[in-house]
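What follows is the content of target.txt (compact mmCIF, C-alpha atoms and all ligand atoms).
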# COMPACT_ATOMS: atom_id res chain seq x y z
CA MET A 1 123.59 265.41 60.65
CA ARG A 2 126.17 265.29 63.45
CA PHE A 3 129.04 265.02 60.95
CA LYS A 4 128.15 267.74 58.46
CA ASP A 5 131.39 269.21 57.00
CA ARG A 6 133.45 266.52 58.76
CA VAL A 7 135.83 264.10 57.12
CA ALA A 8 136.23 260.60 58.55
CA LEU A 9 138.62 257.75 57.85
CA VAL A 10 137.57 254.23 58.83
CA THR A 11 140.08 251.37 58.65
CA GLY A 12 138.66 247.89 58.22
CA GLY A 13 135.78 249.82 56.68
CA GLY A 14 134.98 247.23 54.05
CA ARG A 15 133.34 244.76 56.39
CA GLY A 16 131.56 244.24 59.69
CA ILE A 17 131.74 246.94 62.33
CA GLY A 18 133.89 249.23 60.16
CA ALA A 19 131.43 249.12 57.26
CA ALA A 20 128.48 249.86 59.57
CA SER A 21 130.42 252.78 61.06
CA ALA A 22 131.34 254.19 57.65
CA ARG A 23 127.68 254.01 56.58
CA LEU A 24 126.42 255.71 59.75
CA LEU A 25 129.00 258.51 59.64
CA ALA A 26 128.15 259.13 55.98
CA ALA A 27 124.40 259.04 56.66
CA GLU A 28 124.97 261.82 59.19
CA GLY A 29 126.86 264.04 56.79
CA ALA A 30 130.51 262.95 56.87
CA ARG A 31 132.64 262.49 53.80
CA VAL A 32 134.23 259.12 54.47
CA ALA A 33 137.43 257.43 53.35
CA VAL A 34 136.75 253.70 53.56
CA SER A 35 139.96 251.79 53.97
CA ASP A 36 140.51 248.04 53.96
CA LEU A 37 143.17 245.48 53.26
CA ASP A 38 141.60 244.65 49.90
CA ASP A 39 140.26 247.16 47.46
CA GLY A 40 137.04 245.18 46.70
CA PRO A 41 135.20 245.42 50.05
CA ALA A 42 136.40 249.01 50.58
CA ARG A 43 135.14 250.03 47.15
CA GLU A 44 131.76 248.36 47.63
CA VAL A 45 131.08 250.32 50.82
CA ALA A 46 132.61 253.56 49.50
CA ASP A 47 130.58 253.44 46.28
CA ALA A 48 127.33 253.00 48.22
CA ILE A 49 127.98 256.09 50.36
CA GLY A 50 129.78 258.29 47.83
CA GLY A 51 133.03 257.92 49.75
CA LEU A 52 136.65 257.28 48.87
CA ALA A 53 137.98 253.70 48.78
CA VAL A 54 141.57 253.18 49.91
CA ALA A 55 143.34 249.82 49.94
CA CYS A 56 145.78 249.81 52.83
CA ASP A 57 147.56 247.31 55.05
CA VAL A 58 147.59 249.17 58.36
CA SER A 59 150.66 247.28 59.56
CA ASP A 60 152.70 248.95 56.81
CA ARG A 61 153.81 252.46 57.79
CA SER A 62 154.26 253.81 54.27
CA GLN A 63 150.83 252.52 53.19
CA VAL A 64 149.22 254.20 56.21
CA GLU A 65 150.95 257.49 55.50
CA SER A 66 149.85 257.34 51.85
CA MET A 67 146.28 256.57 52.96
CA ILE A 68 146.19 259.68 55.16
CA GLU A 69 147.70 261.82 52.39
CA LEU A 70 145.17 260.50 49.88
CA THR A 71 142.31 261.33 52.24
CA LEU A 72 143.61 264.86 52.71
CA LYS A 73 144.13 265.30 49.00
CA GLU A 74 140.57 264.18 48.26
CA PHE A 75 138.73 265.89 51.12
CA GLY A 76 141.08 268.63 52.34
CA ARG A 77 140.96 267.72 56.06
CA LEU A 78 140.66 264.85 58.53
CA ASP A 79 138.42 265.12 61.58
CA VAL A 80 137.60 261.55 62.58
CA LEU A 81 139.72 258.38 62.70
CA VAL A 82 138.09 255.03 63.48
CA THR A 83 140.40 252.01 63.55
CA CYS A 84 138.49 248.78 62.95
CA ALA A 85 141.08 246.83 60.93
CA GLY A 86 141.59 243.57 62.74
CA ILE A 87 142.24 239.87 62.63
CA ILE A 88 142.35 236.94 65.01
CA ARG A 89 144.83 234.08 65.16
CA ASP A 90 143.61 232.21 68.24
CA ASN A 91 145.52 229.41 69.91
CA LEU A 92 146.45 228.28 73.38
CA LEU A 93 149.81 229.68 74.43
CA PHE A 94 151.76 226.46 73.95
CA LYS A 95 150.54 226.27 70.36
CA MET A 96 150.73 229.97 69.50
CA THR A 97 153.42 230.65 66.92
CA ASP A 98 155.61 233.71 66.51
CA GLU A 99 153.65 234.45 63.33
CA ASP A 100 150.30 234.30 65.19
CA TRP A 101 151.66 236.78 67.72
CA ASP A 102 153.29 239.17 65.25
CA LEU A 103 150.37 239.31 62.83
CA VAL A 104 147.81 240.15 65.50
CA ILE A 105 150.00 242.63 67.38
CA ASP A 106 151.13 244.30 64.15
CA THR A 107 147.60 244.67 62.78
CA HIS A 108 145.87 245.97 65.90
CA LEU A 109 148.57 247.71 67.91
CA LYS A 110 151.17 248.82 65.41
CA GLY A 111 148.47 249.53 62.81
CA THR A 112 146.54 251.80 65.18
CA PHE A 113 149.78 253.47 66.30
CA TYR A 114 150.70 254.26 62.68
CA CYS A 115 147.21 255.57 61.90
CA ALA A 116 147.00 257.70 65.05
CA ARG A 117 150.47 259.15 64.57
CA ALA A 118 149.83 260.08 60.95
CA ALA A 119 146.36 261.51 61.71
CA GLN A 120 147.27 263.56 64.79
CA LYS A 121 149.52 265.86 62.78
CA HIS A 122 146.50 267.25 60.94
CA MET A 123 144.12 267.13 63.89
CA VAL A 124 146.57 269.04 66.11
CA GLU A 125 147.08 271.70 63.41
CA GLN A 126 143.34 272.26 63.01
CA LYS A 127 142.76 271.94 66.77
CA TYR A 128 139.98 269.40 66.26
CA GLY A 129 139.92 265.64 66.12
CA LYS A 130 138.18 262.47 67.25
CA MET A 131 139.84 259.08 67.39
CA VAL A 132 138.08 255.85 68.26
CA PHE A 133 139.99 252.56 68.47
CA LEU A 134 138.28 249.17 68.52
CA SER A 135 139.17 247.27 71.68
CA SER A 136 137.26 244.18 72.85
CA THR A 137 135.94 242.43 75.94
CA SER A 138 138.90 240.12 75.26
CA ALA A 139 141.05 242.89 76.79
CA LEU A 140 139.79 241.52 80.12
CA GLY A 141 141.24 238.09 79.30
CA ASN A 142 140.05 235.32 77.00
CA ARG A 143 141.26 231.74 76.67
CA GLY A 144 143.17 231.17 73.43
CA GLN A 145 143.70 234.86 72.74
CA THR A 146 147.03 235.81 74.32
CA ASN A 147 147.93 237.84 71.23
CA TYR A 148 144.51 239.44 70.70
CA SER A 149 143.73 240.24 74.34
CA THR A 150 147.18 241.79 74.75
CA ALA A 151 146.59 243.97 71.70
CA LYS A 152 143.08 244.96 72.78
CA ALA A 153 144.21 245.85 76.32
CA GLY A 154 147.13 247.76 74.79
CA LEU A 155 144.78 249.85 72.71
CA GLN A 156 143.01 251.02 75.86
CA GLY A 157 146.36 252.18 77.27
CA MET A 158 147.19 253.85 73.97
CA ALA A 159 143.89 255.75 74.00
CA ARG A 160 144.37 256.91 77.59
CA THR A 161 147.88 258.15 76.82
CA LEU A 162 146.89 259.89 73.59
CA ALA A 163 143.94 261.48 75.38
CA ILE A 164 146.46 263.11 77.71
CA GLU A 165 148.92 264.10 74.96
CA LEU A 166 146.36 265.35 72.45
CA GLY A 167 143.74 266.78 74.81
CA PRO A 168 145.35 270.24 74.80
CA PHE A 169 144.76 270.31 71.03
CA ASN A 170 141.05 269.48 71.30
CA VAL A 171 141.51 265.90 70.14
CA ASN A 172 139.45 263.22 71.91
CA VAL A 173 140.67 259.63 71.94
CA ASN A 174 138.50 256.76 73.16
CA THR A 175 138.01 253.04 72.66
CA VAL A 176 134.91 250.91 72.20
CA ALA A 177 135.10 247.35 73.49
CA PRO A 178 132.46 245.12 71.91
CA GLY A 179 131.42 241.70 73.10
CA PHE A 180 130.10 239.15 70.61
CA VAL A 181 129.12 240.83 67.33
CA GLU A 182 127.88 238.98 64.25
CA THR A 183 130.60 239.52 61.60
CA ARG A 184 133.02 237.50 59.50
CA MET A 185 135.34 237.46 62.49
CA THR A 186 132.93 235.59 64.78
CA ARG A 187 131.85 233.37 61.87
CA ALA A 188 135.51 232.41 61.39
CA THR A 189 135.79 231.54 65.10
CA ALA A 190 132.79 229.19 64.82
CA GLU A 191 134.30 227.56 61.74
CA ARG A 192 137.64 227.06 63.48
CA MET A 193 135.87 225.43 66.43
CA GLY A 194 133.85 223.23 64.07
CA VAL A 195 130.54 224.64 65.34
CA ASP A 196 127.62 225.63 63.11
CA PHE A 197 127.39 229.46 63.21
CA GLU A 198 123.67 229.52 64.15
CA THR A 199 124.34 227.20 67.10
CA PHE A 200 127.40 229.27 68.05
CA LYS A 201 125.33 232.48 68.06
CA LEU A 202 122.57 230.91 70.19
CA GLY A 203 125.17 229.72 72.69
CA ALA A 204 126.75 233.18 72.86
CA ALA A 205 123.36 234.90 73.25
CA SER A 206 122.44 232.69 76.20
CA GLN A 207 125.52 234.03 78.08
CA ILE A 208 124.65 237.70 77.45
CA ALA A 209 122.44 239.65 79.87
CA LEU A 210 120.25 241.03 77.07
CA ARG A 211 119.97 237.49 75.63
CA ARG A 212 121.04 238.55 72.16
CA ILE A 213 124.31 238.96 70.32
CA GLY A 214 125.42 242.30 68.93
CA GLN A 215 125.04 243.51 65.37
CA PRO A 216 127.61 245.81 63.70
CA GLU A 217 125.08 248.68 63.92
CA ASP A 218 124.97 248.30 67.73
CA ILE A 219 128.67 249.14 67.83
CA ALA A 220 128.60 251.75 65.05
CA SER A 221 126.16 253.87 67.05
CA VAL A 222 128.53 253.93 70.05
CA ILE A 223 131.45 254.76 67.77
CA ALA A 224 129.46 257.59 66.18
CA PHE A 225 128.59 258.99 69.61
CA LEU A 226 132.31 259.09 70.50
CA CYS A 227 133.12 260.70 67.12
CA SER A 228 130.51 263.39 67.63
CA ASP A 229 130.53 266.63 69.61
CA GLU A 230 127.89 265.13 71.94
CA SER A 231 130.76 263.37 73.70
CA GLY A 232 133.08 266.39 73.59
CA PHE A 233 134.00 266.08 77.29
CA VAL A 234 134.71 262.33 77.10
CA SER A 235 138.31 261.28 76.42
CA GLY A 236 140.60 258.42 77.36
CA GLN A 237 137.60 256.18 78.08
CA THR A 238 136.57 252.69 77.09
CA ILE A 239 132.89 251.96 76.53
CA TYR A 240 132.05 248.27 76.75
CA ALA A 241 129.22 247.40 74.35
CA ARG A 242 128.45 243.79 75.20
CA GLY A 243 124.78 243.58 76.07
CA GLY A 244 125.54 243.51 79.78
CA PRO A 245 127.88 244.79 82.47
P1 LIG A 301 135.70 241.88 60.13
O1 LIG A 301 134.30 241.84 59.61
O2 LIG A 301 136.61 240.72 59.87
O3 LIG A 301 136.39 243.23 59.62
C1 LIG A 301 137.74 243.51 59.85
C2 LIG A 301 138.34 244.08 58.59
O4 LIG A 301 139.71 244.41 58.82
C3 LIG A 301 138.32 243.07 57.42
O5 LIG A 301 137.81 243.67 56.26
C4 LIG A 301 139.79 242.71 57.28
O6 LIG A 301 140.16 242.37 55.95
C5 LIG A 301 140.46 244.01 57.69
N1 LIG A 301 141.88 243.82 57.96
C6 LIG A 301 142.53 242.75 58.47
N2 LIG A 301 143.84 242.95 58.53
C7 LIG A 301 144.06 244.19 58.03
C8 LIG A 301 145.22 244.98 57.80
N3 LIG A 301 146.44 244.54 58.10
N4 LIG A 301 145.06 246.21 57.26
C9 LIG A 301 143.83 246.67 56.95
N5 LIG A 301 142.70 245.98 57.13
C10 LIG A 301 142.81 244.75 57.67
O7 LIG A 301 135.71 242.05 61.71
P2 LIG A 301 134.80 242.91 62.71
O8 LIG A 301 134.17 241.93 63.60
O9 LIG A 301 133.99 243.92 62.02
O10 LIG A 301 135.97 243.62 63.54
C11 LIG A 301 136.21 245.02 63.53
C12 LIG A 301 137.01 245.37 64.77
O11 LIG A 301 136.21 245.09 65.93
C13 LIG A 301 138.28 244.54 64.93
O12 LIG A 301 139.31 245.35 65.45
C14 LIG A 301 137.88 243.49 65.94
O13 LIG A 301 138.99 243.01 66.63
C15 LIG A 301 136.94 244.27 66.82
N6 LIG A 301 136.00 243.43 67.59
C16 LIG A 301 135.13 242.58 66.96
C17 LIG A 301 134.27 241.81 67.74
C18 LIG A 301 133.26 240.86 67.14
O14 LIG A 301 132.62 240.11 67.89
N7 LIG A 301 133.08 240.82 65.84
C19 LIG A 301 134.30 241.90 69.14
C20 LIG A 301 135.21 242.77 69.72
C21 LIG A 301 136.05 243.54 68.94
P3 LIG A 301 140.11 240.81 55.53
O15 LIG A 301 138.70 240.36 55.71
O16 LIG A 301 140.56 240.85 54.10
O17 LIG A 301 141.06 240.11 56.45

Turn this file's structure into structure tokens for me.
Ligand code: NAP
Amino acid sequence: MRFKDRVALVTGGGRGIGAASARLLAAEGARVAVSDLDDGPAREVADAIGGLAVACDVSDRSQVESMIELTLKEFGRLDVLVTCAGIIRDNLLFKMTDEDWDLVIDTHLKGTFYCARAAQKHMVEQKYGKMVFLSSTSALGNRGQTNYSTAKAGLQGMARTLAIELGPFNVNVNTVAPGFVETRMTRATAERMGVDFETFKLGAASQIALRRIGQPEDIASVIAFLCSDESGFVSGQTIYARGGP
């Protein structure tokens, strides 16, 4: 029960890595606000864990501020912020549109900035907080992902900077950078490439040192570690969870 008496907010919590994280935090005692773009997936996860469902587009500042206020109104505090909301719009640079760029940057970078800024106010006041942002191995560079890799590298810089700014207030800020994880996002990539998902997964696994792809729970457990007091002296770091170095 590492999160007894703690309140957590997970964006992108209706699916994939966010949903697994919301479930794990709740299983270990947290009261969890499960946020997602659509109400349906958020509600499904929230109902199963006795949490609060919040529909929110993280790229919209007023919606993010309302989401934080609603969480505080319901639970009275906010201790943990996990930002999993994300999308991909892959294309080679010469085919990447302004819309592809803006949508990905706005969701990952601006969305996390809005969430972190709104959450820090309460974390600083209570002198306690944990933030974990979802980066990716794509931060190291990935063909067809100029927008996404820029955003994911940017999130690592954001976490390092916020670790410095918020450290004096006992707020830890870290990122987790997964490799290939089986979710709707990787399924969509296979579909776009015209490859059967099972074949796609086998191909990915063969390139990974542990010879398997990741599951959302593999990432949720790293996120939970960084949200817990076990990692109280870790801040501004990125943990790569990719089944290899
Ligand atoms: P996922 O299953 O697609 O979940 C992402 C969730 O974010 C979806 O429910 C999506 O809603 C939601 N979302 C999209 N745009 C949003 C917005 N503007 N506001 C609020 N929510 C929004 O993907 P996942 O694989 O779990 O990804 C979670 C995070 O891990 C992402 O940041 C992703 O970049 C990162 N990541 C994933 C992998 C991987 O291999 N899966 C690897 C590295 C990093 P809709 O479904 O309605 O669009």

Contacts to ligand LIG 301 (chain A) at 6 Å cut-off (all atoms listed in the file) as a PyMOL selection string: chain A and resi 12+14-18+36-38+56-59+84-87+107+134-136+177-186

If I take CA of Ala209 in chain A and CA of Met158 in chain A, how far is one from the other in Å, to one decimal?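 If I compute the distance from CA of Ala209 in chain A to CA of Met158 in chain A, I get 29.1 Å.
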
Range 114-128 of chain A surroundings by only C-alpha atoms, 7 Å radius, close-in-sequence under 6 positions cut, as a list in words: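 The contact residues come out as Arg61, Val64, Glu65, Ile68, Leu78, Asp79, Phe169, Asn170 and Val171 of chain A.
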
Do you know which residues are at most 8 Å from Arg23 in chain A counting all atoms listed in the file, after dropping those on the same chain fewer than 4 positions away, and could you put them as a compact mmCIF listing (two decimals) with C-alpha atoms, in the frame of the given file?
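Dumped to result.txt:
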# COMPACT_ATOMS: atom_id res chain seq x y z
CA ALA A 19 131.43 249.12 57.26
CA ALA A 27 124.40 259.04 56.66
CA VAL A 45 131.08 250.32 50.82
CA ILE A 49 127.98 256.09 50.36

Go through A:Arg242, A:Lys110, A:Lys130, A:Arg2 and flag the residue nearest Pro216 in chain A, using all atoms listed in the file for the distances.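 Ranking A:Arg242, A:Lys110, A:Lys130, A:Arg2 by distance to Pro216 in chain A, first place goes to A:Arg242.
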
Distance cut-off 9 Å, centre (135.9, 263.8, 76.2) in file coordinates, counting only C-alpha atoms: which residues qualify? Return them as a list in words.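 Taken together, the residues in range are Ala163, Gly167, Val171, Asn172, Val173, Asn174, Leu226, Asp229, Ser231, Gly232, Phe233, Val234, Ser235, Gly236 and Gln237 of chain A.
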
Place a sphere of radius 6 Å on (143.5, 253.4, 62.7) in the file coordinates and name every protein, DNA or RNA residue with an atom inside or on its surface, counting only C-alpha atoms; give the answer as a list in words.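 Every residue inside that radius is included here: Thr11, Val82, Thr83, Thr112 and Cys115 of chain A.
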
Which residues, written as JSON, numbers by chain, have at least one atom at most 10 Å from Ala139 in chain A, with all atoms listed in the file counted and residues fewer than 4 positions away on the same chain left out? {"A": [135, 145, 146, 148, 149, 150, 151, 152, 153, 154, 155, 156, 177]}

All residues 10 Å or closer to Ala30 in chain A, all atoms listed in the file, same chain fewer than 5 positions away omitted, as a PyMOL selection string: chain A and resi 1-9+22-25+49+51+79-80

Using C-alpha atoms, can you write the selected residues to a file as a short mmCIF file (atom, residue, chain, number, x, y, z; two decimals), keeping the file's coordinate frame?
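Result file out-v4.cif:
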data_model
loop_
_atom_site.label_atom_id
_atom_site.label_comp_id
_atom_site.auth_asym_id
_atom_site.auth_seq_id
_atom_site.Cartn_x
_atom_site.Cartn_y
_atom_site.Cartn_z
CA MET A 1 123.59 265.41 60.65
CA ARG A 2 126.17 265.29 63.45
CA PHE A 3 129.04 265.02 60.95
CA LYS A 4 128.15 267.74 58.46
CA ASP A 5 131.39 269.21 57.00
CA ARG A 6 133.45 266.52 58.76
CA VAL A 7 135.83 264.10 57.12
CA ALA A 8 136.23 260.60 58.55
CA LEU A 9 138.62 257.75 57.85
CA ALA A 22 131.34 254.19 57.65
CA ARG A 23 127.68 254.01 56.58
CA LEU A 24 126.42 255.71 59.75
CA LEU A 25 129.00 258.51 59.64
CA ILE A 49 127.98 256.09 50.36
CA GLY A 51 133.03 257.92 49.75
CA ASP A 79 138.42 265.12 61.58
CA VAL A 80 137.60 261.55 62.58
#

Val222 in chain A surroundings by all atoms listed in the file, 9 Å radius, close-in-sequence under 6 positions cut, as JSON, numbers by chain: {"A": [176, 239, 241]}

If I take CA of Ser35 in chain A and CA of Ile105 in chain A, how far is one from the other in Å, to one decimal? 19.1 Å

How many Å separate CA of Arg89 in chain A from CA of Phe113 in chain A?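 About the pair CA of Arg89 in chain A and CA of Phe113 in chain A: they are 20.0 Å apart.
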
Closest of A:Val32, A:Met96, A:Gly111, A:Pro41 to Leu72 in chain A - atom-to-atom distances counting all atoms listed in the file: A:Val32
